[in-house]
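**Q** Take this structure first; my questions come after.
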Amino acid sequence: MATRSAPESVNSRSLSSWERVLRSPLQIAAIALVLRIAWIVIGHTYKFKTADDNFSFGWEMGRIAASVATGQGFSNPFGPPTGPTAWEPPLYVYLTAGVFKAFGIYSKASAFVLLALNSIFSALTCIPIFHIGRRVFSEKVATWSAWAWALLPNVMFWCTRAVWETSLSALLLAIVFWLALTMEDRSGWLPWFEFGLLWGIIALNSTSLLSFLPPAGLWAWYRRNKLGKSSFGGVVLASVIFFACITPWLMRNYRTFGQFIFIRDNFGAELRLGNGSGADGTLMLYLDPPHDPYAMRQFQTMGELGYIAMRKQQALAYIKADYLRFANLSLRRFVYFWAAPPKDVEPAWLGVLKNSLFLASSVLMFWGLGQALHRRRSGAWLFFWLVLLYPAIYYLVYAIPRYRHPIEPEMTVLCVSLFTEAGKKTTGSLPDQS
């Protein structure tokens, strides 16, 4: 029998090693991190403008973090002294404050460290993306989905330019999505402990993600119930862990404001930024205290809760005056969430191009979701509930491109599946599973 020559054997081993790198989620994540750090360094994205008194460096989260770092506590979301606040969730604010204390408030070193941390969060997201893709579809979908997340510029944009919780939210949601998919395979108390802990962390980082908690929990219970596995004790444990995570912050809010506030309090103000005189479905940023001196004086005079209550009353009065108008605005916001709001940029064609690409990714995602449901992929309905429920709150207030990013890992898997699964017959699909 003929033997393989030495050069062929070496080439084969080299190719095999390279293939292992291409298919390794850890290797993909490492390459993703290198690319993100390089973007920060080469693009000097850590150099935030100072003309706005550093407000674009973390916006409200940056302001509160600066207050924490200077010993003023969790307060002053817009800069001027306005007292304690619950405007933002605490987790990312305290992370930012810790960096400020170590590397300087609004310093370039702090900016670099925070963007590097965001890049780590973004790069690590390749790992749950890979496992979600492999679990629901195939190894091929998993690999290409992870590489798409690692390489796409629109993904890298948020972690390398914005000091905000966006990239951490995407990572946490992808992990808990993966965990929900695998709960049916695992026994014991540990998965339920992890489930409750993850959701507690998510709540303290971004409360808008909590809309996905009920379907994720019900999914885990339903899938385990079909296999005859008990879940009641696990659900109780997860609930206890979840409330143990958020209760200290709820107690802080109650002691501070004298009333119950579920993590953050600014919904009424956000509702007014999308609903009122001049509303067209986009964010009326000019009404926000940092951009409107009159609103800032109102905030200082009335206090945070009084200001928010006033804004909420104004928004509700506007909505109740014409429900059909509100429905029309909500429909516009639905379009803007998935197609991005109009951009006033020069040249004009650049804005059209960016919005077209944004819309195309949404269309491909919906198409991929439809195909997954049609092929009865196990996990397809979990994607469906995420896409249905997470954006709903933004249809009521306003939609900006950043709000879509936390669910873009799951969107990436669905988009990639559309191309890699093309041509397969329905008869070759996995048996479902709702």
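Convention: chains lettered A, B, ... in structure tokens order; per-chain residue numbering from 1; ligands numbered from 1 as shown.
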Do a neighbour search on region 46-60 of chain A at 9 Å with only C-alpha atoms, toss out local chain neighbours closer than 6 positions, and write the hits as an mmCIF file with all heavy atoms, in the first residue's frame.
**A**
```cif
data_model
loop_
_atom_site.group_PDB
_atom_site.id
_atom_site.type_symbol
_atom_site.label_atom_id
_atom_site.label_comp_id
_atom_site.auth_asym_id
_atom_site.auth_seq_id
_atom_site.Cartn_x
_atom_site.Cartn_y
_atom_site.Cartn_z
ATOM 1 N N ILE A 40 -9.294 50.269 18.394
ATOM 2 C CA ILE A 40 -9.215 51.336 19.399
ATOM 3 C C ILE A 40 -7.916 52.115 19.256
ATOM 4 O O ILE A 40 -7.900 53.351 19.292
ATOM 5 C CB ILE A 40 -9.329 50.741 20.822
ATOM 6 C CG1 ILE A 40 -10.708 50.124 21.037
ATOM 7 C CG2 ILE A 40 -9.075 51.822 21.880
ATOM 8 C CD1 ILE A 40 -10.816 49.300 22.316
ATOM 9 N N ASN A 76 -26.376 62.640 40.505
ATOM 10 C CA ASN A 76 -26.053 63.641 39.484
ATOM 11 C C ASN A 76 -25.915 63.051 38.071
ATOM 12 O O ASN A 76 -24.828 63.075 37.482
ATOM 13 C CB ASN A 76 -24.763 64.375 39.854
ATOM 14 C CG ASN A 76 -24.749 64.859 41.288
ATOM 15 O OD1 ASN A 76 -25.787 65.250 41.825
ATOM 16 N ND2 ASN A 76 -23.585 64.832 41.922
ATOM 17 N N PRO A 77 -26.996 62.537 37.480
ATOM 18 C CA PRO A 77 -26.896 61.876 36.178
ATOM 19 C C PRO A 77 -26.560 62.804 35.015
ATOM 20 O O PRO A 77 -26.181 62.318 33.946
ATOM 21 C CB PRO A 77 -28.292 61.264 35.997
ATOM 22 C CG PRO A 77 -29.191 62.130 36.819
ATOM 23 C CD PRO A 77 -28.376 62.521 38.003
ATOM 24 N N PHE A 78 -26.688 64.120 35.213
ATOM 25 C CA PHE A 78 -26.406 65.043 34.108
ATOM 26 C C PHE A 78 -25.250 65.987 34.406
ATOM 27 O O PHE A 78 -24.955 66.875 33.609
ATOM 28 C CB PHE A 78 -27.662 65.850 33.767
ATOM 29 C CG PHE A 78 -28.850 64.987 33.458
ATOM 30 C CD1 PHE A 78 -29.985 65.035 34.250
ATOM 31 C CD2 PHE A 78 -28.827 64.098 32.394
ATOM 32 C CE1 PHE A 78 -31.081 64.228 33.977
ATOM 33 C CE2 PHE A 78 -29.909 63.283 32.122
ATOM 34 C CZ PHE A 78 -31.036 63.348 32.918
ATOM 35 N N GLY A 79 -24.618 65.831 35.557
ATOM 36 C CA GLY A 79 -23.474 66.663 35.888
ATOM 37 C C GLY A 79 -23.721 67.616 37.028
ATOM 38 O O GLY A 79 -23.133 67.479 38.106
ATOM 39 N N TRP A 87 -31.543 56.814 37.835
ATOM 40 C CA TRP A 87 -31.731 57.008 36.397
ATOM 41 C C TRP A 87 -31.199 55.834 35.591
ATOM 42 O O TRP A 87 -31.748 55.485 34.547
ATOM 43 C CB TRP A 87 -31.043 58.303 35.953
ATOM 44 C CG TRP A 87 -31.459 58.817 34.617
ATOM 45 C CD1 TRP A 87 -30.881 58.536 33.411
ATOM 46 C CD2 TRP A 87 -32.541 59.705 34.344
ATOM 47 N NE1 TRP A 87 -31.533 59.194 32.402
ATOM 48 C CE2 TRP A 87 -32.566 59.934 32.949
ATOM 49 C CE3 TRP A 87 -33.497 60.337 35.136
ATOM 50 C CZ2 TRP A 87 -33.499 60.758 32.337
ATOM 51 C CZ3 TRP A 87 -34.431 61.170 34.523
ATOM 52 C CH2 TRP A 87 -34.425 61.371 33.142
ATOM 53 N N GLU A 88 -30.115 55.228 36.069
ATOM 54 C CA GLU A 88 -29.490 54.107 35.370
ATOM 55 C C GLU A 88 -29.338 52.914 36.316
ATOM 56 O O GLU A 88 -29.262 53.090 37.536
ATOM 57 C CB GLU A 88 -28.114 54.496 34.829
ATOM 58 C CG GLU A 88 -28.131 55.603 33.786
ATOM 59 C CD GLU A 88 -28.794 55.205 32.478
ATOM 60 O OE1 GLU A 88 -29.019 53.993 32.282
ATOM 61 O OE2 GLU A 88 -29.080 56.100 31.665
ATOM 62 N N THR A 96 -17.618 51.437 35.698
ATOM 63 C CA THR A 96 -17.002 52.664 35.175
ATOM 64 C C THR A 96 -16.371 53.475 36.300
ATOM 65 O O THR A 96 -15.261 54.014 36.157
ATOM 66 C CB THR A 96 -18.052 53.513 34.444
ATOM 67 O OG1 THR A 96 -18.672 52.723 33.423
ATOM 68 C CG2 THR A 96 -17.425 54.742 33.811
ATOM 69 N N TYR A 106 -12.601 60.623 33.432
ATOM 70 C CA TYR A 106 -12.644 61.108 32.048
ATOM 71 C C TYR A 106 -11.250 61.194 31.413
ATOM 72 O O TYR A 106 -11.027 61.993 30.500
ATOM 73 C CB TYR A 106 -13.335 62.473 31.967
ATOM 74 C CG TYR A 106 -14.820 62.432 32.253
ATOM 75 C CD1 TYR A 106 -15.406 63.346 33.125
ATOM 76 C CD2 TYR A 106 -15.631 61.490 31.661
ATOM 77 C CE1 TYR A 106 -16.771 63.316 33.391
ATOM 78 C CE2 TYR A 106 -16.992 61.445 31.922
ATOM 79 C CZ TYR A 106 -17.558 62.358 32.785
ATOM 80 O OH TYR A 106 -18.907 62.318 33.045
ATOM 81 N N SER A 107 -10.314 60.396 31.880
ATOM 82 C CA SER A 107 -8.965 60.410 31.302
ATOM 83 C C SER A 107 -8.910 59.503 30.079
ATOM 84 O O SER A 107 -9.758 58.616 29.898
ATOM 85 C CB SER A 107 -7.945 59.935 32.332
ATOM 86 O OG SER A 107 -8.132 58.556 32.626
ATOM 87 N N LYS A 108 -7.896 59.696 29.262
ATOM 88 C CA LYS A 108 -7.716 58.838 28.090
ATOM 89 C C LYS A 108 -7.402 57.404 28.522
ATOM 90 O O LYS A 108 -7.814 56.451 27.856
ATOM 91 C CB LYS A 108 -6.598 59.384 27.201
ATOM 92 C CG LYS A 108 -6.955 60.688 26.506
ATOM 93 C CD LYS A 108 -5.811 61.187 25.646
ATOM 94 C CE LYS A 108 -6.175 62.525 24.979
ATOM 95 N NZ LYS A 108 -5.037 63.076 24.191
ATOM 96 N N ALA A 109 -6.680 57.267 29.633
ATOM 97 C CA ALA A 109 -6.380 55.924 30.125
ATOM 98 C C ALA A 109 -7.660 55.200 30.530
ATOM 99 O O ALA A 109 -7.846 54.014 30.216
ATOM 100 C CB ALA A 109 -5.423 56.017 31.325
ATOM 101 N N SER A 110 -8.571 55.909 31.209
ATOM 102 C CA SER A 110 -9.853 55.303 31.585
ATOM 103 C C SER A 110 -10.661 54.942 30.352
ATOM 104 O O SER A 110 -11.297 53.882 30.305
ATOM 105 C CB SER A 110 -10.648 56.261 32.469
ATOM 106 O OG SER A 110 -10.077 56.360 33.750
ATOM 107 N N ALA A 111 -10.641 55.824 29.366
ATOM 108 C CA ALA A 111 -11.376 55.547 28.131
ATOM 109 C C ALA A 111 -10.843 54.289 27.469
ATOM 110 O O ALA A 111 -11.624 53.420 27.030
ATOM 111 C CB ALA A 111 -11.266 56.735 27.174
ATOM 112 N N PHE A 112 -9.525 54.162 27.406
ATOM 113 C CA PHE A 112 -8.931 52.981 26.771
ATOM 114 C C PHE A 112 -9.306 51.719 27.543
ATOM 115 O O PHE A 112 -9.686 50.702 26.940
ATOM 116 C CB PHE A 112 -7.412 53.119 26.690
ATOM 117 C CG PHE A 112 -6.747 51.963 26.011
ATOM 118 C CD1 PHE A 112 -6.595 51.951 24.630
ATOM 119 C CD2 PHE A 112 -6.275 50.870 26.730
ATOM 120 C CE1 PHE A 112 -6.003 50.879 23.977
ATOM 121 C CE2 PHE A 112 -5.689 49.789 26.093
ATOM 122 C CZ PHE A 112 -5.548 49.795 24.712
ATOM 123 N N VAL A 113 -9.207 51.754 28.867
ATOM 124 C CA VAL A 113 -9.511 50.576 29.673
ATOM 125 C C VAL A 113 -10.979 50.179 29.514
ATOM 126 O O VAL A 113 -11.307 48.989 29.351
ATOM 127 C CB VAL A 113 -9.180 50.832 31.159
ATOM 128 C CG1 VAL A 113 -9.716 49.704 32.039
ATOM 129 C CG2 VAL A 113 -7.679 50.982 31.341
ATOM 130 N N LEU A 114 -11.884 51.149 29.562
ATOM 131 C CA LEU A 114 -13.310 50.838 29.446
ATOM 132 C C LEU A 114 -13.652 50.278 28.072
ATOM 133 O O LEU A 114 -14.436 49.325 27.956
ATOM 134 C CB LEU A 114 -14.141 52.093 29.737
ATOM 135 C CG LEU A 114 -14.187 52.491 31.219
ATOM 136 C CD1 LEU A 114 -14.693 53.916 31.379
ATOM 137 C CD2 LEU A 114 -15.071 51.522 31.995
ATOM 138 N N LEU A 115 -13.074 50.854 27.020
ATOM 139 C CA LEU A 115 -13.322 50.335 25.678
ATOM 140 C C LEU A 115 -12.679 48.953 25.505
ATOM 141 O O LEU A 115 -13.232 48.093 24.811
ATOM 142 C CB LEU A 115 -12.792 51.303 24.625
ATOM 143 C CG LEU A 115 -13.526 52.654 24.536
ATOM 144 C CD1 LEU A 115 -12.864 53.557 23.507
ATOM 145 C CD2 LEU A 115 -15.003 52.461 24.204
ATOM 146 N N THR A 160 -16.026 49.577 20.655
ATOM 147 C CA THR A 160 -14.812 50.380 20.513
ATOM 148 C C THR A 160 -15.071 51.883 20.553
ATOM 149 O O THR A 160 -14.116 52.668 20.533
ATOM 150 C CB THR A 160 -14.107 50.049 19.183
ATOM 151 O OG1 THR A 160 -15.007 50.309 18.091
ATOM 152 C CG2 THR A 160 -13.672 48.596 19.147
ATOM 153 N N ARG A 161 -16.341 52.278 20.633
ATOM 154 C CA ARG A 161 -16.637 53.711 20.598
ATOM 155 C C ARG A 161 -17.562 54.200 21.699
ATOM 156 O O ARG A 161 -17.583 55.397 21.997
ATOM 157 C CB ARG A 161 -17.242 54.092 19.239
ATOM 158 C CG ARG A 161 -16.250 54.015 18.094
ATOM 159 C CD ARG A 161 -16.837 54.519 16.788
ATOM 160 N NE ARG A 161 -15.850 54.541 15.729
ATOM 161 C CZ ARG A 161 -15.029 55.558 15.476
ATOM 162 N NH1 ARG A 161 -15.083 56.632 16.228
ATOM 163 N NH2 ARG A 161 -14.162 55.497 14.487
ATOM 164 N N ALA A 162 -18.333 53.326 22.312
ATOM 165 C CA ALA A 162 -19.336 53.764 23.281
ATOM 166 C C ALA A 162 -19.046 53.193 24.665
ATOM 167 O O ALA A 162 -18.958 51.975 24.840
ATOM 168 C CB ALA A 162 -20.733 53.324 22.826
ATOM 169 N N VAL A 163 -18.896 54.076 25.646
ATOM 170 C CA VAL A 163 -18.783 53.653 27.037
ATOM 171 C C VAL A 163 -20.198 53.501 27.565
ATOM 172 O O VAL A 163 -20.820 54.449 28.050
ATOM 173 C CB VAL A 163 -17.971 54.676 27.869
ATOM 174 C CG1 VAL A 163 -17.950 54.279 29.339
ATOM 175 C CG2 VAL A 163 -16.545 54.787 27.329
ATOM 176 N N TRP A 164 -20.719 52.299 27.436
ATOM 177 C CA TRP A 164 -22.090 51.992 27.814
ATOM 178 C C TRP A 164 -22.176 50.492 28.038
ATOM 179 O O TRP A 164 -21.232 49.757 27.737
ATOM 180 C CB TRP A 164 -23.052 52.452 26.715
ATOM 181 C CG TRP A 164 -24.466 52.687 27.184
ATOM 182 C CD1 TRP A 164 -25.541 51.860 27.013
ATOM 183 C CD2 TRP A 164 -24.950 53.821 27.898
ATOM 184 N NE1 TRP A 164 -26.671 52.419 27.580
ATOM 185 C CE2 TRP A 164 -26.340 53.630 28.140
ATOM 186 C CE3 TRP A 164 -24.349 54.986 28.381
ATOM 187 C CZ2 TRP A 164 -27.126 54.542 28.827
ATOM 188 C CZ3 TRP A 164 -25.132 55.907 29.058
ATOM 189 C CH2 TRP A 164 -26.505 55.690 29.277
ATOM 190 N N PRO A 290 -29.759 67.345 29.492
ATOM 191 C CA PRO A 290 -28.411 67.745 29.078
ATOM 192 C C PRO A 290 -28.394 68.659 27.855
ATOM 193 O O PRO A 290 -27.398 69.336 27.597
ATOM 194 C CB PRO A 290 -27.729 66.407 28.763
ATOM 195 C CG PRO A 290 -28.519 65.389 29.481
ATOM 196 C CD PRO A 290 -29.923 65.883 29.460
#
```
**Q** What is the distance between CA of Phe334 (chain A) and CA of Leu388 (chain A), in Å to one decimal?
**A** 11.1 Å
**Q** Applying 9 Å and only C-alpha atoms, which residues near Glu304 (chain A) remain after dropping the ones on its own chain fewer than 3 positions away? List them as a short mmCIF file (atom, residue, chain, number, x, y, z; two decimals) with all heavy atoms, in the first residue's frame.
**A**
```cif
data_model
loop_
_atom_site.label_atom_id
_atom_site.label_comp_id
_atom_site.auth_asym_id
_atom_site.auth_seq_id
_atom_site.Cartn_x
_atom_site.Cartn_y
_atom_site.Cartn_z
N THR A 82 -27.74 67.35 41.51
CA THR A 82 -29.20 67.13 41.55
C THR A 82 -29.57 66.06 42.57
O THR A 82 -30.74 65.70 42.68
CB THR A 82 -29.73 66.72 40.16
OG1 THR A 82 -28.98 65.60 39.67
CG2 THR A 82 -29.62 67.86 39.17
N GLY A 83 -28.58 65.53 43.27
CA GLY A 83 -28.87 64.57 44.32
C GLY A 83 -28.86 63.13 43.85
O GLY A 83 -28.55 62.83 42.69
N PRO A 84 -29.24 62.22 44.76
CA PRO A 84 -29.24 60.78 44.45
C PRO A 84 -30.11 60.48 43.24
O PRO A 84 -31.10 61.17 42.96
CB PRO A 84 -29.81 60.15 45.72
CG PRO A 84 -29.53 61.15 46.79
CD PRO A 84 -29.65 62.49 46.14
N THR A 85 -29.75 59.40 42.55
CA THR A 85 -30.46 59.06 41.31
C THR A 85 -30.70 57.55 41.20
O THR A 85 -29.99 56.75 41.81
CB THR A 85 -29.66 59.53 40.08
OG1 THR A 85 -30.41 59.27 38.89
CG2 THR A 85 -28.33 58.80 39.98
N ALA A 86 -31.71 57.21 40.44
CA ALA A 86 -31.94 55.83 40.00
C ALA A 86 -32.16 55.85 38.49
O ALA A 86 -32.87 55.02 37.94
CB ALA A 86 -33.14 55.23 40.72
N TRP A 87 -31.54 56.81 37.83
CA TRP A 87 -31.73 57.01 36.40
C TRP A 87 -31.20 55.83 35.59
O TRP A 87 -31.75 55.49 34.55
CB TRP A 87 -31.04 58.30 35.95
CG TRP A 87 -31.46 58.82 34.62
CD1 TRP A 87 -30.88 58.54 33.41
CD2 TRP A 87 -32.54 59.70 34.34
NE1 TRP A 87 -31.53 59.19 32.40
CE2 TRP A 87 -32.57 59.93 32.95
CE3 TRP A 87 -33.50 60.34 35.14
CZ2 TRP A 87 -33.50 60.76 32.34
CZ3 TRP A 87 -34.43 61.17 34.52
CH2 TRP A 87 -34.42 61.37 33.14
N ASP A 265 -35.66 54.44 37.39
CA ASP A 265 -36.90 55.19 37.52
C ASP A 265 -37.26 56.07 36.32
O ASP A 265 -38.24 56.81 36.36
CB ASP A 265 -36.84 56.09 38.76
CG ASP A 265 -35.71 57.13 38.70
OD1 ASP A 265 -35.08 57.28 37.63
OD2 ASP A 265 -35.45 57.79 39.73
N ASN A 266 -36.48 56.04 35.26
CA ASN A 266 -36.59 57.09 34.25
C ASN A 266 -37.57 56.82 33.11
O ASN A 266 -37.58 57.54 32.11
CB ASN A 266 -35.21 57.38 33.65
CG ASN A 266 -34.68 56.23 32.81
OD1 ASN A 266 -34.99 55.07 33.08
ND2 ASN A 266 -33.89 56.53 31.81
N PHE A 299 -35.50 69.94 36.25
CA PHE A 299 -34.98 68.76 36.94
C PHE A 299 -34.38 69.14 38.29
O PHE A 299 -34.61 68.48 39.30
CB PHE A 299 -33.92 68.08 36.06
CG PHE A 299 -33.52 66.71 36.51
CD1 PHE A 299 -34.13 65.59 36.00
CD2 PHE A 299 -32.52 66.54 37.47
CE1 PHE A 299 -33.76 64.31 36.41
CE2 PHE A 299 -32.14 65.28 37.89
CZ PHE A 299 -32.76 64.16 37.36
N GLN A 300 -33.61 70.22 38.31
CA GLN A 300 -32.98 70.65 39.55
C GLN A 300 -34.00 71.14 40.56
O GLN A 300 -33.88 70.90 41.76
CB GLN A 300 -31.95 71.75 39.26
CG GLN A 300 -30.72 71.26 38.50
CD GLN A 300 -29.79 72.39 38.12
OE1 GLN A 300 -30.15 73.29 37.36
NE2 GLN A 300 -28.58 72.36 38.66
N THR A 301 -35.03 71.84 40.08
CA THR A 301 -36.04 72.41 40.96
C THR A 301 -36.99 71.36 41.49
O THR A 301 -37.30 71.33 42.69
CB THR A 301 -36.84 73.50 40.23
OG1 THR A 301 -35.94 74.51 39.76
CG2 THR A 301 -37.87 74.13 41.16
N TYR A 307 -39.67 65.47 38.41
CA TYR A 307 -39.46 65.73 36.99
C TYR A 307 -39.97 64.57 36.14
O TYR A 307 -40.67 64.77 35.14
CB TYR A 307 -37.98 65.97 36.71
CG TYR A 307 -37.65 66.16 35.25
CD1 TYR A 307 -37.82 67.39 34.63
CD2 TYR A 307 -37.18 65.08 34.48
CE1 TYR A 307 -37.52 67.56 33.29
CE2 TYR A 307 -36.89 65.24 33.14
CZ TYR A 307 -37.06 66.48 32.55
OH TYR A 307 -36.78 66.63 31.21
N ILE A 308 -39.64 63.36 36.54
CA ILE A 308 -40.07 62.18 35.78
C ILE A 308 -41.59 62.07 35.79
O ILE A 308 -42.21 61.74 34.77
CB ILE A 308 -39.41 60.91 36.35
CG1 ILE A 308 -37.91 60.93 36.08
CG2 ILE A 308 -40.05 59.65 35.76
CD1 ILE A 308 -37.13 59.85 36.79
N ALA A 309 -42.22 62.32 36.94
CA ALA A 309 -43.68 62.25 37.03
C ALA A 309 -44.33 63.28 36.10
O ALA A 309 -45.34 62.97 35.44
CB ALA A 309 -44.12 62.49 38.47
#
```
**Q** Could you state the separation of CA of Gly200 (chain A) and CA of Ala380 (chain A) in Å, given to one decimal place?
**A**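 Computing it gives 25.0 Å between the two atoms.
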**Q** List the spatial neighbours of Gly133 (chain A) as a ChimeraX atom specification - criterion: any atom at most 12 Å away, only C-alpha atoms, same-chain residues fewer than 3 positions off excluded.
**A** /A:25,126-130,136-147,174,177-178,181,372,377-380,383,409-418,420-421
**Q** List the spatial neighbours of Leu210 (chain A) as a list in words - criterion: any atom at most 12 Å away, only C-alpha atoms, same-chain residues fewer than 3 positions off excluded.
**A**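 The filter keeps Ser169, Leu172, Leu173, Val176, Leu198, Trp199, Gly200, Ile201, Ile202, Ala203, Leu204, Asn205, Ser206, Thr207, Leu213, Pro214, Pro215, Ala216, Gly217, Phe242, Phe262, Ile263, Leu386, Leu389, Tyr390, Pro391, Ala392 and Ile393 of chain A.
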**Q** Write the selection just made, keeping N, CA, C and O atoms, as a tab-separated table (two decimals), in the first residue's frame?
**A**
```
chain	number	residue	atom	x	y	z
A	169	SER	N	-24.35	43.69	27.80
A	169	SER	CA	-25.72	43.19	27.68
A	169	SER	C	-25.81	42.10	26.62
A	169	SER	O	-26.48	41.08	26.82
A	172	LEU	N	-24.23	38.88	28.09
A	172	LEU	CA	-25.05	38.25	29.13
A	172	LEU	C	-26.30	37.60	28.53
A	172	LEU	O	-26.69	36.49	28.91
A	173	LEU	N	-26.94	38.30	27.58
A	173	LEU	CA	-28.14	37.75	26.98
A	173	LEU	C	-27.82	36.49	26.16
A	173	LEU	O	-28.58	35.51	26.20
A	176	VAL	N	-27.31	33.60	28.64
A	176	VAL	CA	-28.53	33.09	29.25
A	176	VAL	C	-29.42	32.41	28.21
A	176	VAL	O	-30.16	31.47	28.52
A	198	LEU	N	-27.51	34.68	36.68
A	198	LEU	CA	-27.36	35.42	35.42
A	198	LEU	C	-28.45	36.47	35.25
A	198	LEU	O	-28.19	37.61	34.86
A	199	TRP	N	-29.69	36.09	35.55
A	199	TRP	CA	-30.78	37.05	35.41
A	199	TRP	C	-30.67	38.17	36.43
A	199	TRP	O	-31.06	39.31	36.16
A	200	GLY	N	-30.14	37.87	37.62
A	200	GLY	CA	-29.92	38.93	38.59
A	200	GLY	C	-28.89	39.93	38.09
A	200	GLY	O	-29.07	41.15	38.22
A	201	ILE	N	-27.81	39.42	37.51
A	201	ILE	CA	-26.77	40.30	36.95
A	201	ILE	C	-27.34	41.10	35.79
A	201	ILE	O	-27.08	42.31	35.66
A	202	ILE	N	-28.11	40.44	34.93
A	202	ILE	CA	-28.72	41.13	33.79
A	202	ILE	C	-29.62	42.27	34.26
A	202	ILE	O	-29.60	43.38	33.71
A	203	ALA	N	-30.44	42.02	35.29
A	203	ALA	CA	-31.35	43.04	35.81
A	203	ALA	C	-30.59	44.26	36.30
A	203	ALA	O	-31.04	45.40	36.12
A	204	LEU	N	-29.44	44.06	36.93
A	204	LEU	CA	-28.66	45.17	37.45
A	204	LEU	C	-27.82	45.85	36.37
A	204	LEU	O	-27.21	46.90	36.62
A	205	ASN	N	-27.80	45.27	35.19
A	205	ASN	CA	-27.04	45.85	34.08
A	205	ASN	C	-27.95	46.53	33.06
A	205	ASN	O	-27.65	47.64	32.59
A	206	SER	N	-29.06	45.88	32.70
A	206	SER	CA	-29.98	46.45	31.70
A	206	SER	C	-31.37	45.88	31.94
A	206	SER	O	-31.66	44.75	31.54
A	207	THR	N	-32.24	46.67	32.53
A	207	THR	CA	-33.58	46.17	32.90
A	207	THR	C	-34.42	45.84	31.67
A	207	THR	O	-35.35	45.03	31.76
A	213	LEU	N	-37.06	37.28	30.31
A	213	LEU	CA	-36.99	36.35	31.43
A	213	LEU	C	-38.16	35.37	31.46
A	213	LEU	O	-37.93	34.15	31.59
A	214	PRO	N	-39.41	35.81	31.35
A	214	PRO	CA	-40.52	34.84	31.40
A	214	PRO	C	-40.45	33.76	30.33
A	214	PRO	O	-40.55	32.57	30.66
A	215	PRO	N	-40.25	34.11	29.03
A	215	PRO	CA	-40.19	33.03	28.03
A	215	PRO	C	-38.97	32.12	28.21
A	215	PRO	O	-39.06	30.92	27.96
A	216	ALA	N	-37.85	32.68	28.68
A	216	ALA	CA	-36.67	31.83	28.89
A	216	ALA	C	-36.93	30.83	30.01
A	216	ALA	O	-36.60	29.64	29.89
A	217	GLY	N	-37.54	31.31	31.10
A	217	GLY	CA	-37.85	30.40	32.20
A	217	GLY	C	-38.91	29.37	31.83
A	217	GLY	O	-38.78	28.18	32.17
A	242	PHE	N	-32.25	35.17	42.12
A	242	PHE	CA	-32.53	36.40	41.36
A	242	PHE	C	-32.86	37.55	42.31
A	242	PHE	O	-32.28	38.64	42.22
A	262	PHE	N	-38.24	49.93	41.00
A	262	PHE	CA	-37.65	48.68	40.51
A	262	PHE	C	-36.40	48.99	39.68
A	262	PHE	O	-36.46	49.21	38.48
A	263	ILE	N	-35.30	49.08	40.35
A	263	ILE	CA	-33.95	49.25	39.81
A	263	ILE	C	-33.73	50.65	39.23
A	263	ILE	O	-32.84	51.37	39.67
A	386	LEU	N	-37.80	36.00	21.83
A	386	LEU	CA	-36.83	37.08	22.04
A	386	LEU	C	-37.08	38.23	21.07
A	386	LEU	O	-37.12	39.40	21.47
A	389	LEU	N	-40.55	40.00	22.02
A	389	LEU	CA	-40.74	40.70	23.29
A	389	LEU	C	-39.69	41.76	23.60
A	389	LEU	O	-40.02	42.82	24.13
A	390	TYR	N	-38.42	41.49	23.30
A	390	TYR	CA	-37.40	42.45	23.69
A	390	TYR	C	-37.61	43.84	23.11
A	390	TYR	O	-37.52	44.84	23.83
A	391	PRO	N	-37.91	43.98	21.80
A	391	PRO	CA	-38.02	45.34	21.24
A	391	PRO	C	-39.31	46.07	21.61
A	391	PRO	O	-39.42	47.27	21.34
A	392	ALA	N	-40.28	45.38	22.20
A	392	ALA	CA	-41.63	45.96	22.36
A	392	ALA	C	-41.61	47.29	23.09
A	392	ALA	O	-42.34	48.22	22.73
A	393	ILE	N	-40.80	47.41	24.13
A	393	ILE	CA	-40.77	48.65	24.91
A	393	ILE	C	-40.31	49.83	24.06
A	393	ILE	O	-40.75	50.97	24.26
```
**Q** So which residues touch Ala317 (chain A) within 10 Å, counting only C-alpha atoms, skipping near sequence neighbours fewer than 5 positions away, as a list in words?
**A**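 Listed by chain and then number, they are Asn275, Gly276, Arg311, Lys312 and Asp322 of chain A.
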**Q** Write the residues of the selection above to a file with N, CA, C and O atoms, as a short mmCIF file (atom, residue, chain, number, x, y, z; two decimals), in the first residue's frame.
**A**
```
data_model
loop_
_atom_site.label_atom_id
_atom_site.label_comp_id
_atom_site.auth_asym_id
_atom_site.auth_seq_id
_atom_site.Cartn_x
_atom_site.Cartn_y
_atom_site.Cartn_z
N ASN A 275 -42.95 60.90 22.78
CA ASN A 275 -44.37 61.20 22.63
C ASN A 275 -44.68 62.59 23.17
O ASN A 275 -44.52 62.84 24.37
N GLY A 276 -45.11 63.46 22.29
CA GLY A 276 -45.44 64.82 22.67
C GLY A 276 -45.47 65.69 21.43
O GLY A 276 -45.29 65.22 20.30
N ARG A 311 -43.02 64.56 33.31
CA ARG A 311 -42.81 64.12 31.93
C ARG A 311 -43.74 62.96 31.57
O ARG A 311 -44.29 62.90 30.47
N LYS A 312 -43.93 62.05 32.51
CA LYS A 312 -44.83 60.93 32.27
C LYS A 312 -46.26 61.42 32.06
O LYS A 312 -46.96 60.95 31.15
N ASP A 322 -55.05 61.10 21.42
CA ASP A 322 -55.23 60.57 20.07
C ASP A 322 -54.52 59.21 19.99
O ASP A 322 -53.34 59.13 19.65
#
```
**Q** I'd like the interatomic distance between CA of Asp185 (chain A) and CA of Gly233 (chain A), to a tenth of an Å.
**A**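 Rounded to one decimal, the two atoms are 16.4 Å apart.
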**Q** Select, from A:Trp381, A:Tyr394, A:Trp158, A:Phe326, the residue with the minimum atom-to-atom distance to Tyr222 (chain A), counting only C-alpha atoms.
**A**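 When distances to Tyr222 (chain A) are compared using only C-alpha atoms, the smallest one comes from A:Trp381.
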